[in-house]
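Engineer: Contents of protein30.cif (mmCIF, C-alpha atoms, pLDDT in the B column; chains and numbers go by the auth columns) are below:
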data_my_file
#
loop_
_atom_site.group_PDB
_atom_site.id
_atom_site.type_symbol
_atom_site.label_atom_id
_atom_site.label_comp_id
_atom_site.label_asym_id
_atom_site.label_seq_id
_atom_site.Cartn_x
_atom_site.Cartn_y
_atom_site.Cartn_z
_atom_site.B_iso_or_equiv
_atom_site.auth_seq_id
_atom_site.auth_asym_id
ATOM 1 C CA MET A 1 60.845 67.504 5.862 52.00 1 A
ATOM 2 C CA PRO A 2 59.407 65.329 3.094 54.00 2 A
ATOM 3 C CA ASN A 3 62.208 62.894 3.982 54.00 3 A
ATOM 4 C CA ASP A 4 60.932 62.716 7.548 52.00 4 A
ATOM 5 C CA LEU A 5 57.466 61.833 6.393 50.00 5 A
ATOM 6 C CA ALA A 6 58.709 59.222 3.959 53.00 6 A
ATOM 7 C CA ALA A 7 60.931 57.634 6.610 54.00 7 A
ATOM 8 C CA ASN A 8 58.312 57.730 9.341 53.00 8 A
ATOM 9 C CA PRO A 9 54.721 57.630 7.982 53.00 9 A
ATOM 10 C CA GLY A 10 53.298 57.395 11.520 51.00 10 A
ATOM 11 C CA ALA A 11 54.659 60.845 12.260 49.00 11 A
ATOM 12 C CA ALA A 12 51.844 62.384 10.194 51.00 12 A
ATOM 13 C CA ASP A 13 49.263 61.123 12.701 52.00 13 A
ATOM 14 C CA THR A 14 50.755 62.885 15.707 54.00 14 A
ATOM 15 C CA SER A 15 50.137 66.215 14.060 56.00 15 A
ATOM 16 C CA VAL A 16 46.353 65.557 14.407 66.00 16 A
ATOM 17 C CA LYS A 17 45.320 66.879 17.792 76.00 17 A
ATOM 18 C CA ARG A 18 43.704 64.244 20.032 81.00 18 A
ATOM 19 C CA ARG A 19 40.224 65.356 20.919 83.00 19 A
ATOM 20 C CA ARG A 20 38.921 65.388 24.433 85.00 20 A
ATOM 21 C CA ASN A 21 36.566 62.448 24.754 90.00 21 A
ATOM 22 C CA ALA A 22 33.420 64.445 25.426 92.00 22 A
ATOM 23 C CA LEU A 23 31.087 61.467 25.500 94.00 23 A
ATOM 24 C CA LEU A 24 32.879 59.980 28.490 94.00 24 A
ATOM 25 C CA TRP A 25 32.316 63.160 30.455 95.00 25 A
ATOM 26 C CA TRP A 26 28.732 63.641 29.316 96.00 26 A
ATOM 27 C CA GLY A 27 27.978 60.040 30.213 96.00 27 A
ATOM 28 C CA PHE A 28 29.429 60.490 33.672 97.00 28 A
ATOM 29 C CA ILE A 29 27.614 63.771 34.260 97.00 29 A
ATOM 30 C CA LEU A 30 24.360 62.222 33.091 97.00 30 A
ATOM 31 C CA SER A 31 24.769 59.332 35.534 97.00 31 A
ATOM 32 C CA LEU A 32 25.122 61.883 38.357 97.00 32 A
ATOM 33 C CA VAL A 33 21.987 63.628 37.116 96.00 33 A
ATOM 34 C CA ALA A 34 20.232 60.255 37.008 96.00 34 A
ATOM 35 C CA LEU A 35 21.170 59.673 40.637 95.00 35 A
ATOM 36 C CA GLY A 36 20.604 63.180 41.950 94.00 36 A
ATOM 37 C CA SER A 37 17.346 63.990 40.196 94.00 37 A
ATOM 38 C CA TYR A 38 15.212 61.402 41.940 90.00 38 A
ATOM 39 C CA VAL A 39 14.582 63.170 45.224 84.00 39 A
ATOM 40 C CA PRO A 40 14.165 66.771 44.020 87.00 40 A
ATOM 41 C CA VAL A 41 12.327 66.009 40.769 88.00 41 A
ATOM 42 C CA PHE A 42 10.939 62.572 40.024 86.00 42 A
ATOM 43 C CA ALA A 43 9.962 61.565 43.558 79.00 43 A
ATOM 44 C CA LYS A 44 7.318 64.296 43.507 76.00 44 A
ATOM 45 C CA TYR A 45 5.107 62.482 41.004 78.00 45 A
ATOM 46 C CA PRO A 46 3.700 59.001 41.749 72.00 46 A
ATOM 47 C CA VAL A 47 4.108 57.963 38.113 79.00 47 A
ATOM 48 C CA THR A 48 7.898 58.391 38.248 83.00 48 A
ATOM 49 C CA ARG A 49 8.296 57.734 41.949 77.00 49 A
ATOM 50 C CA ASP A 50 6.939 54.254 42.549 74.00 50 A
ATOM 51 C CA VAL A 51 8.987 52.702 39.747 83.00 51 A
ATOM 52 C CA PRO A 52 11.757 55.208 38.924 90.00 52 A
ATOM 53 C CA TRP A 53 11.748 54.497 35.199 92.00 53 A
ATOM 54 C CA ALA A 54 12.806 58.070 34.356 95.00 54 A
ATOM 55 C CA ASN A 55 15.993 57.621 36.364 95.00 55 A
ATOM 56 C CA TYR A 56 16.619 54.172 34.887 96.00 56 A
ATOM 57 C CA LEU A 57 16.280 55.752 31.441 96.00 57 A
ATOM 58 C CA LEU A 58 18.793 58.462 32.296 97.00 58 A
ATOM 59 C CA PHE A 59 21.217 55.841 33.594 97.00 59 A
ATOM 60 C CA ALA A 60 20.788 53.780 30.419 97.00 60 A
ATOM 61 C CA LEU A 61 21.524 56.857 28.306 97.00 61 A
ATOM 62 C CA ALA A 62 24.567 57.651 30.454 97.00 62 A
ATOM 63 C CA LEU A 63 25.910 54.124 30.009 96.00 63 A
ATOM 64 C CA VAL A 64 25.400 54.270 26.244 97.00 64 A
ATOM 65 C CA LEU A 65 27.430 57.481 26.064 97.00 65 A
ATOM 66 C CA LEU A 66 30.144 55.976 28.253 96.00 66 A
ATOM 67 C CA ILE A 67 30.324 52.813 26.138 96.00 67 A
ATOM 68 C CA ILE A 68 30.659 54.806 22.922 96.00 68 A
ATOM 69 C CA GLY A 69 33.269 57.021 24.570 95.00 69 A
ATOM 70 C CA LEU A 70 35.238 54.031 25.816 95.00 70 A
ATOM 71 C CA ARG A 71 35.149 52.391 22.399 94.00 71 A
ATOM 72 C CA ARG A 72 36.532 55.575 20.875 93.00 72 A
ATOM 73 C CA ALA A 73 39.270 55.831 23.469 93.00 73 A
ATOM 74 C CA PHE A 74 40.456 52.290 22.901 93.00 74 A
ATOM 75 C CA THR A 75 39.897 51.755 19.196 93.00 75 A
ATOM 76 C CA GLN A 76 40.906 55.234 18.058 91.00 76 A
ATOM 77 C CA PRO A 77 43.504 56.340 20.561 89.00 77 A
ATOM 78 C CA ASN A 78 45.075 58.565 17.973 89.00 78 A
ATOM 79 C CA LEU A 79 41.882 60.621 17.774 89.00 79 A
ATOM 80 C CA TYR A 80 40.441 60.371 21.261 91.00 80 A
ATOM 81 C CA ARG A 81 41.816 60.590 24.754 90.00 81 A
ATOM 82 C CA GLY A 82 40.352 58.711 27.686 90.00 82 A
ATOM 83 C CA LYS A 83 42.130 55.413 28.171 91.00 83 A
ATOM 84 C CA ILE A 84 42.610 56.197 31.835 92.00 84 A
ATOM 85 C CA ALA A 85 39.764 58.606 32.508 91.00 85 A
ATOM 86 C CA GLY A 86 37.297 56.380 30.662 93.00 86 A
ATOM 87 C CA PRO A 87 37.403 53.300 32.888 95.00 87 A
ATOM 88 C CA ILE A 88 37.458 55.504 35.997 96.00 88 A
ATOM 89 C CA LEU A 89 34.399 57.474 34.912 95.00 89 A
ATOM 90 C CA GLY A 90 32.700 54.265 33.836 95.00 90 A
ATOM 91 C CA PHE A 91 33.324 52.701 37.214 96.00 91 A
ATOM 92 C CA LEU A 92 32.038 55.772 39.069 97.00 92 A
ATOM 93 C CA SER A 93 28.896 55.813 36.946 96.00 93 A
ATOM 94 C CA LEU A 94 28.243 52.141 37.639 97.00 94 A
ATOM 95 C CA ALA A 95 28.771 52.860 41.327 97.00 95 A
ATOM 96 C CA ALA A 96 26.166 55.616 41.104 96.00 96 A
ATOM 97 C CA LEU A 97 23.747 53.208 39.468 97.00 97 A
ATOM 98 C CA ALA A 98 24.427 50.541 42.095 96.00 98 A
ATOM 99 C CA PHE A 99 23.854 53.030 44.907 94.00 99 A
ATOM 100 C CA PHE A 100 20.611 54.158 43.303 94.00 100 A
ATOM 101 C CA CYS A 101 19.330 50.591 42.983 93.00 101 A
ATOM 102 C CA VAL A 102 20.271 49.721 46.545 89.00 102 A
ATOM 103 C CA SER A 103 18.493 52.825 47.804 85.00 103 A
ATOM 104 C CA ILE A 104 15.378 52.046 45.846 82.00 104 A
ATOM 105 C CA PHE A 105 15.187 48.383 46.711 80.00 105 A
ATOM 106 C CA TYR A 106 16.653 48.261 50.176 75.00 106 A
ATOM 107 C CA PHE A 107 16.634 51.532 52.060 70.00 107 A
ATOM 108 C CA SER A 108 13.142 52.557 51.151 70.00 108 A
ATOM 109 C CA LYS A 109 11.714 49.177 52.095 70.00 109 A
ATOM 110 C CA HIS A 110 13.709 48.897 55.293 76.00 110 A
ATOM 111 C CA LEU A 111 10.875 49.743 57.676 82.00 111 A
ATOM 112 C CA PRO A 112 10.006 48.534 61.168 84.00 112 A
ATOM 113 C CA VAL A 113 7.269 45.929 61.466 81.00 113 A
ATOM 114 C CA SER A 114 4.678 47.893 63.485 86.00 114 A
ATOM 115 C CA THR A 115 2.711 44.803 64.508 86.00 115 A
ATOM 116 C CA GLN A 116 1.315 46.536 67.599 89.00 116 A
ATOM 117 C CA SER A 117 -0.275 49.394 65.699 92.00 117 A
ATOM 118 C CA PRO A 118 -3.992 49.908 66.258 93.00 118 A
ATOM 119 C CA LYS A 119 -6.111 47.882 63.868 94.00 119 A
ATOM 120 C CA ILE A 120 -9.314 48.416 61.926 92.00 120 A
ATOM 121 C CA GLY A 121 -12.281 48.244 64.270 93.00 121 A
ATOM 122 C CA GLN A 122 -10.294 49.462 67.284 95.00 122 A
ATOM 123 C CA LYS A 123 -10.551 52.892 68.806 95.00 123 A
ATOM 124 C CA ALA A 124 -7.615 55.097 67.885 95.00 124 A
ATOM 125 C CA PRO A 125 -5.427 55.857 70.920 96.00 125 A
ATOM 126 C CA GLU A 126 -6.062 59.278 72.431 96.00 126 A
ATOM 127 C CA PHE A 127 -3.458 62.037 72.133 96.00 127 A
ATOM 128 C CA ALA A 128 -2.954 65.751 72.719 96.00 128 A
ATOM 129 C CA LEU A 129 -0.265 67.497 70.679 96.00 129 A
ATOM 130 C CA ALA A 130 0.773 71.038 69.749 95.00 130 A
ATOM 131 C CA ASP A 131 -0.364 72.439 66.409 94.00 131 A
ATOM 132 C CA THR A 132 1.565 74.976 64.319 92.00 132 A
ATOM 133 C CA ASN A 133 0.437 77.796 66.587 92.00 133 A
ATOM 134 C CA GLY A 134 1.499 75.993 69.743 91.00 134 A
ATOM 135 C CA ALA A 135 -2.100 75.315 70.836 94.00 135 A
ATOM 136 C CA THR A 136 -2.784 71.830 72.219 95.00 136 A
ATOM 137 C CA VAL A 137 -5.105 69.771 70.050 95.00 137 A
ATOM 138 C CA SER A 138 -6.601 66.516 71.319 96.00 138 A
ATOM 139 C CA LEU A 139 -8.084 63.653 69.296 96.00 139 A
ATOM 140 C CA VAL A 140 -11.348 64.081 71.182 94.00 140 A
ATOM 141 C CA SER A 141 -11.569 67.729 70.099 93.00 141 A
ATOM 142 C CA LEU A 142 -10.723 66.849 66.483 93.00 142 A
ATOM 143 C CA LEU A 143 -13.581 64.365 66.381 92.00 143 A
ATOM 144 C CA SER A 144 -16.143 66.610 68.037 90.00 144 A
ATOM 145 C CA THR A 145 -15.494 70.038 66.531 89.00 145 A
ATOM 146 C CA PRO A 146 -16.797 70.902 63.051 85.00 146 A
ATOM 147 C CA THR A 147 -14.534 71.040 60.007 81.00 147 A
ATOM 148 C CA ALA A 148 -13.078 74.204 58.441 75.00 148 A
ATOM 149 C CA THR A 149 -16.263 74.529 56.369 78.00 149 A
ATOM 150 C CA SER A 150 -18.416 74.196 59.484 78.00 150 A
ATOM 151 C CA GLN A 151 -19.706 70.732 58.688 80.00 151 A
ATOM 152 C CA PRO A 152 -19.819 68.220 61.526 83.00 152 A
ATOM 153 C CA ALA A 153 -16.724 66.043 61.243 85.00 153 A
ATOM 154 C CA LYS A 154 -17.560 62.727 59.569 88.00 154 A
ATOM 155 C CA GLY A 155 -14.129 61.488 60.406 91.00 155 A
ATOM 156 C CA VAL A 156 -10.476 62.256 60.893 93.00 156 A
ATOM 157 C CA LEU A 157 -7.594 61.121 58.714 92.00 157 A
ATOM 158 C CA LEU A 158 -4.374 60.777 60.710 94.00 158 A
ATOM 159 C CA VAL A 159 -1.336 60.988 58.469 92.00 159 A
ATOM 160 C CA PHE A 160 1.875 60.045 60.219 92.00 160 A
ATOM 161 C CA TYR A 161 4.839 61.164 58.158 88.00 161 A
ATOM 162 C CA ARG A 162 8.591 60.974 58.481 84.00 162 A
ATOM 163 C CA GLY A 163 9.108 64.660 59.029 79.00 163 A
ATOM 164 C CA TYR A 164 12.294 66.620 58.277 64.00 164 A
ATOM 165 C CA TRP A 165 10.897 67.631 54.929 47.00 165 A
ATOM 166 C CA MET B 1 -16.117 65.812 52.434 70.00 166 B
ATOM 167 C CA GLY B 2 -16.386 66.259 56.165 81.00 167 B
ATOM 168 C CA ILE B 3 -13.108 64.563 56.953 87.00 168 B
ATOM 169 C CA LYS B 4 -10.374 66.350 58.811 89.00 169 B
ATOM 170 C CA PRO B 5 -6.861 65.548 57.639 89.00 170 B
ATOM 171 C CA VAL B 6 -4.345 65.740 60.477 93.00 171 B
ATOM 172 C CA ALA B 7 -0.621 65.371 59.832 93.00 172 B
ATOM 173 C CA ILE B 8 1.615 64.171 62.668 94.00 173 B
ATOM 174 C CA SER B 9 5.412 63.979 62.784 93.00 174 B
ATOM 175 C CA VAL B 10 8.331 64.755 65.091 93.00 175 B
ATOM 176 C CA ASP B 11 8.849 68.106 63.359 92.00 176 B
ATOM 177 C CA PRO B 12 8.485 71.037 65.769 92.00 177 B
ATOM 178 C CA PRO B 13 5.561 73.432 65.172 93.00 178 B
ATOM 179 C CA SER B 14 7.905 76.016 63.636 91.00 179 B
ATOM 180 C CA ASP B 15 9.052 73.595 60.915 89.00 180 B
ATOM 181 C CA SER B 16 5.472 72.579 60.130 89.00 181 B
ATOM 182 C CA ARG B 17 4.420 76.209 60.013 90.00 182 B
ATOM 183 C CA ASP B 18 7.099 76.932 57.408 88.00 183 B
ATOM 184 C CA LEU B 19 6.083 73.857 55.448 84.00 184 B
ATOM 185 C CA CYS B 20 2.411 74.854 55.468 86.00 185 B
ATOM 186 C CA ARG B 21 3.252 78.339 54.366 86.00 186 B
ATOM 187 C CA LYS B 22 5.501 77.174 51.559 85.00 187 B
ATOM 188 C CA ALA B 23 3.154 74.472 50.297 83.00 188 B
ATOM 189 C CA GLY B 24 -0.097 76.295 50.997 85.00 189 B
ATOM 190 C CA TYR B 25 -1.514 73.582 53.246 84.00 190 B
ATOM 191 C CA SER B 26 -4.387 74.625 55.441 83.00 191 B
ATOM 192 C CA TYR B 27 -5.002 71.472 57.427 85.00 192 B
ATOM 193 C CA THR B 28 -3.871 70.630 60.926 92.00 193 B
ATOM 194 C CA PHE B 29 -0.229 69.754 61.544 94.00 194 B
ATOM 195 C CA LEU B 30 0.626 68.346 64.966 95.00 195 B
ATOM 196 C CA SER B 31 4.024 68.041 66.556 95.00 196 B
ATOM 197 C CA ASP B 32 5.144 64.906 68.398 95.00 197 B
ATOM 198 C CA PRO B 33 8.748 65.847 69.194 92.00 198 B
ATOM 199 C CA ASN B 34 9.479 62.943 71.548 92.00 199 B
ATOM 200 C CA ALA B 35 7.645 60.458 69.344 93.00 200 B
ATOM 201 C CA GLU B 36 5.322 59.646 72.280 94.00 201 B
ATOM 202 C CA VAL B 37 2.190 59.344 70.190 96.00 202 B
ATOM 203 C CA ILE B 38 4.185 57.722 67.404 95.00 203 B
ATOM 204 C CA ARG B 39 5.180 55.050 69.918 94.00 204 B
ATOM 205 C CA ARG B 40 1.613 54.720 71.159 95.00 205 B
ATOM 206 C CA TYR B 41 0.596 53.853 67.609 96.00 206 B
ATOM 207 C CA ASP B 42 3.650 51.582 67.228 94.00 207 B
ATOM 208 C CA LEU B 43 4.971 53.574 64.292 94.00 208 B
ATOM 209 C CA LEU B 44 8.459 54.303 65.604 92.00 209 B
ATOM 210 C CA HIS B 45 11.313 54.132 63.122 88.00 210 B
ATOM 211 C CA LYS B 46 14.371 54.341 65.360 83.00 211 B
ATOM 212 C CA GLY B 47 17.261 56.461 64.157 76.00 212 B
ATOM 213 C CA ALA B 48 15.864 56.852 60.683 75.00 213 B
ATOM 214 C CA GLY B 49 15.723 60.627 60.641 74.00 214 B
ATOM 215 C CA ILE B 50 18.494 62.971 59.632 67.00 215 B
ATOM 216 C CA ASP B 51 21.068 63.083 62.484 70.00 216 B
ATOM 217 C CA GLY B 52 19.795 59.722 63.683 72.00 217 B
ATOM 218 C CA HIS B 53 16.612 61.025 65.277 79.00 218 B
ATOM 219 C CA ASP B 54 13.709 58.677 65.894 86.00 219 B
ATOM 220 C CA ILE B 55 10.878 59.391 63.493 88.00 220 B
ATOM 221 C CA ALA B 56 7.600 57.832 62.371 90.00 221 B
ATOM 222 C CA ARG B 57 7.313 55.267 59.611 89.00 222 B
ATOM 223 C CA PRO B 58 4.654 56.531 57.221 88.00 223 B
ATOM 224 C CA ALA B 59 1.103 55.413 58.021 92.00 224 B
ATOM 225 C CA GLU B 60 -2.456 56.646 57.596 91.00 225 B
ATOM 226 C CA PHE B 61 -5.527 55.944 59.740 94.00 226 B
ATOM 227 C CA LEU B 62 -9.062 56.920 58.792 93.00 227 B
ATOM 228 C CA LEU B 63 -11.249 57.334 61.868 94.00 228 B
ATOM 229 C CA ASP B 64 -15.017 57.743 61.936 93.00 229 B
ATOM 230 C CA SER B 65 -16.711 60.306 64.159 91.00 230 B
ATOM 231 C CA SER B 66 -16.578 57.935 67.141 93.00 231 B
ATOM 232 C CA GLY B 67 -12.810 57.545 66.824 94.00 232 B
ATOM 233 C CA THR B 68 -12.982 53.974 65.502 95.00 233 B
ATOM 234 C CA ILE B 69 -10.426 53.058 62.850 95.00 234 B
ATOM 235 C CA ARG B 70 -12.220 52.242 59.604 93.00 235 B
ATOM 236 C CA TRP B 71 -9.217 52.128 57.253 92.00 236 B
ATOM 237 C CA MET B 72 -5.503 52.132 57.713 92.00 237 B
ATOM 238 C CA ASN B 73 -2.398 51.903 55.595 89.00 238 B
ATOM 239 C CA LEU B 74 1.110 50.973 56.725 88.00 239 B
ATOM 240 C CA THR B 75 3.248 51.511 53.677 76.00 240 B
ATOM 241 C CA ASP B 76 5.924 48.844 53.190 70.00 241 B
ATOM 242 C CA ASP B 77 7.995 51.206 51.070 69.00 242 B
ATOM 243 C CA ILE B 78 8.593 54.798 52.113 67.00 243 B
ATOM 244 C CA ARG B 79 8.440 55.949 48.523 68.00 244 B
ATOM 245 C CA VAL B 80 5.043 54.484 47.702 65.00 245 B
ATOM 246 C CA ARG B 81 2.411 56.412 49.617 63.00 246 B
ATOM 247 C CA ALA B 82 -1.290 55.541 49.660 61.00 247 B
ATOM 248 C CA ARG B 83 -2.785 57.052 46.554 66.00 248 B
ATOM 249 C CA PRO B 84 -5.542 59.548 47.279 68.00 249 B
ATOM 250 C CA GLU B 85 -8.081 57.295 45.531 75.00 250 B
ATOM 251 C CA GLN B 86 -7.622 54.562 48.134 76.00 251 B
ATOM 252 C CA MET B 87 -8.270 56.988 50.945 75.00 252 B
ATOM 253 C CA LEU B 88 -11.265 58.513 49.185 77.00 253 B
ATOM 254 C CA GLN B 89 -12.885 55.108 48.692 81.00 254 B
ATOM 255 C CA ALA B 90 -12.610 54.422 52.392 80.00 255 B
ATOM 256 C CA ALA B 91 -13.836 57.909 53.242 81.00 256 B
ATOM 257 C CA LYS B 92 -16.970 57.557 51.108 84.00 257 B
ATOM 258 C CA ALA B 93 -17.981 54.546 53.163 81.00 258 B
ATOM 259 C CA LEU B 94 -18.073 56.548 56.394 80.00 259 B
#
What does the file become when written as structure tokens?
Structural biologist:
Amino acid sequence: MPNDLAANPGAADTSVKRRRNALLWWGFILSLVALGSYVPVFAKYPVTRDVPWANYLLFALALVLLIIGLRRAFTQPNLYRGKIAGPILGFLSLAALAFFCVSIFYFSKHLPVSTQSPKIGQKAPEFALADTNGATVSLVSLLSTPTATSQPAKGVLLVFYRGYW
Amino acid sequence: MGIKPVAISVDPPSDSRDLCRKAGYSYTFLSDPNAEVIRRYDLLHKGAGIDGHDIARPAEFLLDSSGTIRWMNLTDDIRVRARPEQMLQAAKAL
């Protein structure tokens, strides 16, 4: 055996087990968390919703881990795996980031123009719709009946929302 | 404050009831399933709901006791809603 080692010094390296490149996987997982956490977590608070800096931070961290992992895979292939998985995971993470940015900048601003909506100074159009108990509620009745605390209504705030919460 | 908040969407009353129960809301939720009123206020967002349903784009209108609009907000980004402070300022002036 000593002869083998003397004749082939590189053979000693193959006895070191190549480690799984954990950073590549953590980076990829973190980029998915960065993408998926916006709606259920950060969108609930105006401070992280209007400019999603928390998600950008998570993406940045994910990319740092991926870069370190890729460097290890390519500069120390004898120690780390990941020459194939690395670029694939890196690409998928960048795709997640791209999708996130497009959603933030395009989809959420892609709204109809609503030029014919009633304006300040105009009377709000009348309506009569069902409340949660199925009873019909009209705008006229909302304006004329007292509030829940029995004060006369000073005004009504109509909040139209997307629904499907 | 004397102002009645009223939420309107295409959600059926049963969905809104569940929402109110889960979130503890006590104010009025109205159902506009065919988006008739949404159209009347020109707030229709065609096909933007899940399954391609027509829904409302987000908007708020503050009416005084005579039904005249004193403040309104058409958000240009569905993620950025009117902050409560903006509404309260307008409400104080009623």
Engineer: Taking into account only C-alpha atoms, which residue in the set A:Gly86, A:Pro146, A:Gly134, A:Gly155 is nearest to B:Phe194?
Structural biologist: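 Closest residue, counting only C-alpha atoms: A:Gly134.
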Engineer: Using all atoms listed in the file, I'd like every residue of chain A that has an atom within 6 Å of chain B; please write them out as JSON, numbers by chain.
Structural biologist: {"A": [50, 108, 109, 114, 116, 117, 120, 121, 122, 123, 124, 129, 130, 131, 132, 143, 153, 154, 155, 156, 157, 158, 159, 160, 161, 162, 163]}
Engineer: Go ahead and write the selection's residues with C-alpha atoms as a compact mmCIF listing (two decimals), in the frame of the given file.
Structural biologist:
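As a result, part_32.txt now contains:
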# COMPACT_ATOMS: atom_id res chain seq x y z
CA ASP A 50 6.94 54.25 42.55
CA SER A 108 13.14 52.56 51.15
CA LYS A 109 11.71 49.18 52.10
CA SER A 114 4.68 47.89 63.48
CA GLN A 116 1.32 46.54 67.60
CA SER A 117 -0.28 49.39 65.70
CA ILE A 120 -9.31 48.42 61.93
CA GLY A 121 -12.28 48.24 64.27
CA GLN A 122 -10.29 49.46 67.28
CA LYS A 123 -10.55 52.89 68.81
CA ALA A 124 -7.62 55.10 67.89
CA LEU A 129 -0.26 67.50 70.68
CA ALA A 130 0.77 71.04 69.75
CA ASP A 131 -0.36 72.44 66.41
CA THR A 132 1.56 74.98 64.32
CA LEU A 143 -13.58 64.36 66.38
CA ALA A 153 -16.72 66.04 61.24
CA LYS A 154 -17.56 62.73 59.57
CA GLY A 155 -14.13 61.49 60.41
CA VAL A 156 -10.48 62.26 60.89
CA LEU A 157 -7.59 61.12 58.71
CA LEU A 158 -4.37 60.78 60.71
CA VAL A 159 -1.34 60.99 58.47
CA PHE A 160 1.88 60.04 60.22
CA TYR A 161 4.84 61.16 58.16
CA ARG A 162 8.59 60.97 58.48
CA GLY A 163 9.11 64.66 59.03
Engineer: Mind pulling up the distance from atom CA of A:Trp26 to atom CA of A:Ala73?
Structural biologist: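 Going from atom CA of A:Ala73 over to atom CA of A:Trp26 covers 14.4 Å.
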Engineer: Taking all atoms listed in the file into account, which of A:Phe59, A:Trp53, A:Phe127, A:Phe42 comes nearest A:Ile29?
Structural biologist: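 Once distances to A:Ile29 are computed over all atoms listed in the file, the minimum belongs to A:Phe59.
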Engineer: Could you state the separation of atom CA of A:Arg20 and atom CA of A:Gly69 in Å, given to one decimal place?
Structural biologist: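 Computing the Euclidean distance for atom CA of A:Arg20 and atom CA of A:Gly69 yields 10.1 Å.
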Engineer: Hey, can you check how far atom CA of A:Ala60 sits from atom CA of A:Leu24?
Structural biologist: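 Distance between the two atoms: 13.7 Å.
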Engineer: How would you write, as a list in words, the residues chosen by the PyMOL selection byres ((chain A and resi 55-57) around 10) on this structure?
Structural biologist: Ser31, Val33, Ala34, Leu35, Gly36, Ser37, Tyr38, Phe42, Thr48, Arg49, Val51, Pro52, Trp53, Ala54, Leu58, Phe59, Ala60, Leu61, Ala62, Leu63, Leu97, Phe100 and Cys101 of chain A
Engineer: Name the residues in contact with A:Asn21 at a cut-off of 12 Å, using all atoms listed in the file, excluding same-chain residues fewer than 6 positions from it; report them as an mmCIF file with C-alpha atoms, in the frame of the given file.
Structural biologist:
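See part_15.cif below for the written result:
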data_model
loop_
_atom_site.group_PDB
_atom_site.id
_atom_site.type_symbol
_atom_site.label_atom_id
_atom_site.label_comp_id
_atom_site.auth_asym_id
_atom_site.auth_seq_id
_atom_site.Cartn_x
_atom_site.Cartn_y
_atom_site.Cartn_z
ATOM 1 C CA GLY A 27 27.978 60.040 30.213
ATOM 2 C CA PHE A 28 29.429 60.490 33.672
ATOM 3 C CA LEU A 65 27.430 57.481 26.064
ATOM 4 C CA LEU A 66 30.144 55.976 28.253
ATOM 5 C CA ILE A 67 30.324 52.813 26.138
ATOM 6 C CA ILE A 68 30.659 54.806 22.922
ATOM 7 C CA GLY A 69 33.269 57.021 24.570
ATOM 8 C CA LEU A 70 35.238 54.031 25.816
ATOM 9 C CA ARG A 71 35.149 52.391 22.399
ATOM 10 C CA ARG A 72 36.532 55.575 20.875
ATOM 11 C CA ALA A 73 39.270 55.831 23.469
ATOM 12 C CA PHE A 74 40.456 52.290 22.901
ATOM 13 C CA GLN A 76 40.906 55.234 18.058
ATOM 14 C CA PRO A 77 43.504 56.340 20.561
ATOM 15 C CA ASN A 78 45.075 58.565 17.973
ATOM 16 C CA LEU A 79 41.882 60.621 17.774
ATOM 17 C CA TYR A 80 40.441 60.371 21.261
ATOM 18 C CA ARG A 81 41.816 60.590 24.754
ATOM 19 C CA GLY A 82 40.352 58.711 27.686
ATOM 20 C CA LYS A 83 42.130 55.413 28.171
ATOM 21 C CA ILE A 84 42.610 56.197 31.835
ATOM 22 C CA ALA A 85 39.764 58.606 32.508
ATOM 23 C CA GLY A 86 37.297 56.380 30.662
ATOM 24 C CA LEU A 89 34.399 57.474 34.912
#
Engineer: Box in all listed atoms of stretch 101-111 of chain A, axis-aligned, with 4 Å more on each side; write out centre and edge lengths in Å to one decimal as lines of an AutoDock Vina configuration file.
Structural biologist:
center_x = 15.6
center_y = 50.5
center_z = 50.3
size_x = 17.4
size_y = 12.6
size_z = 22.7
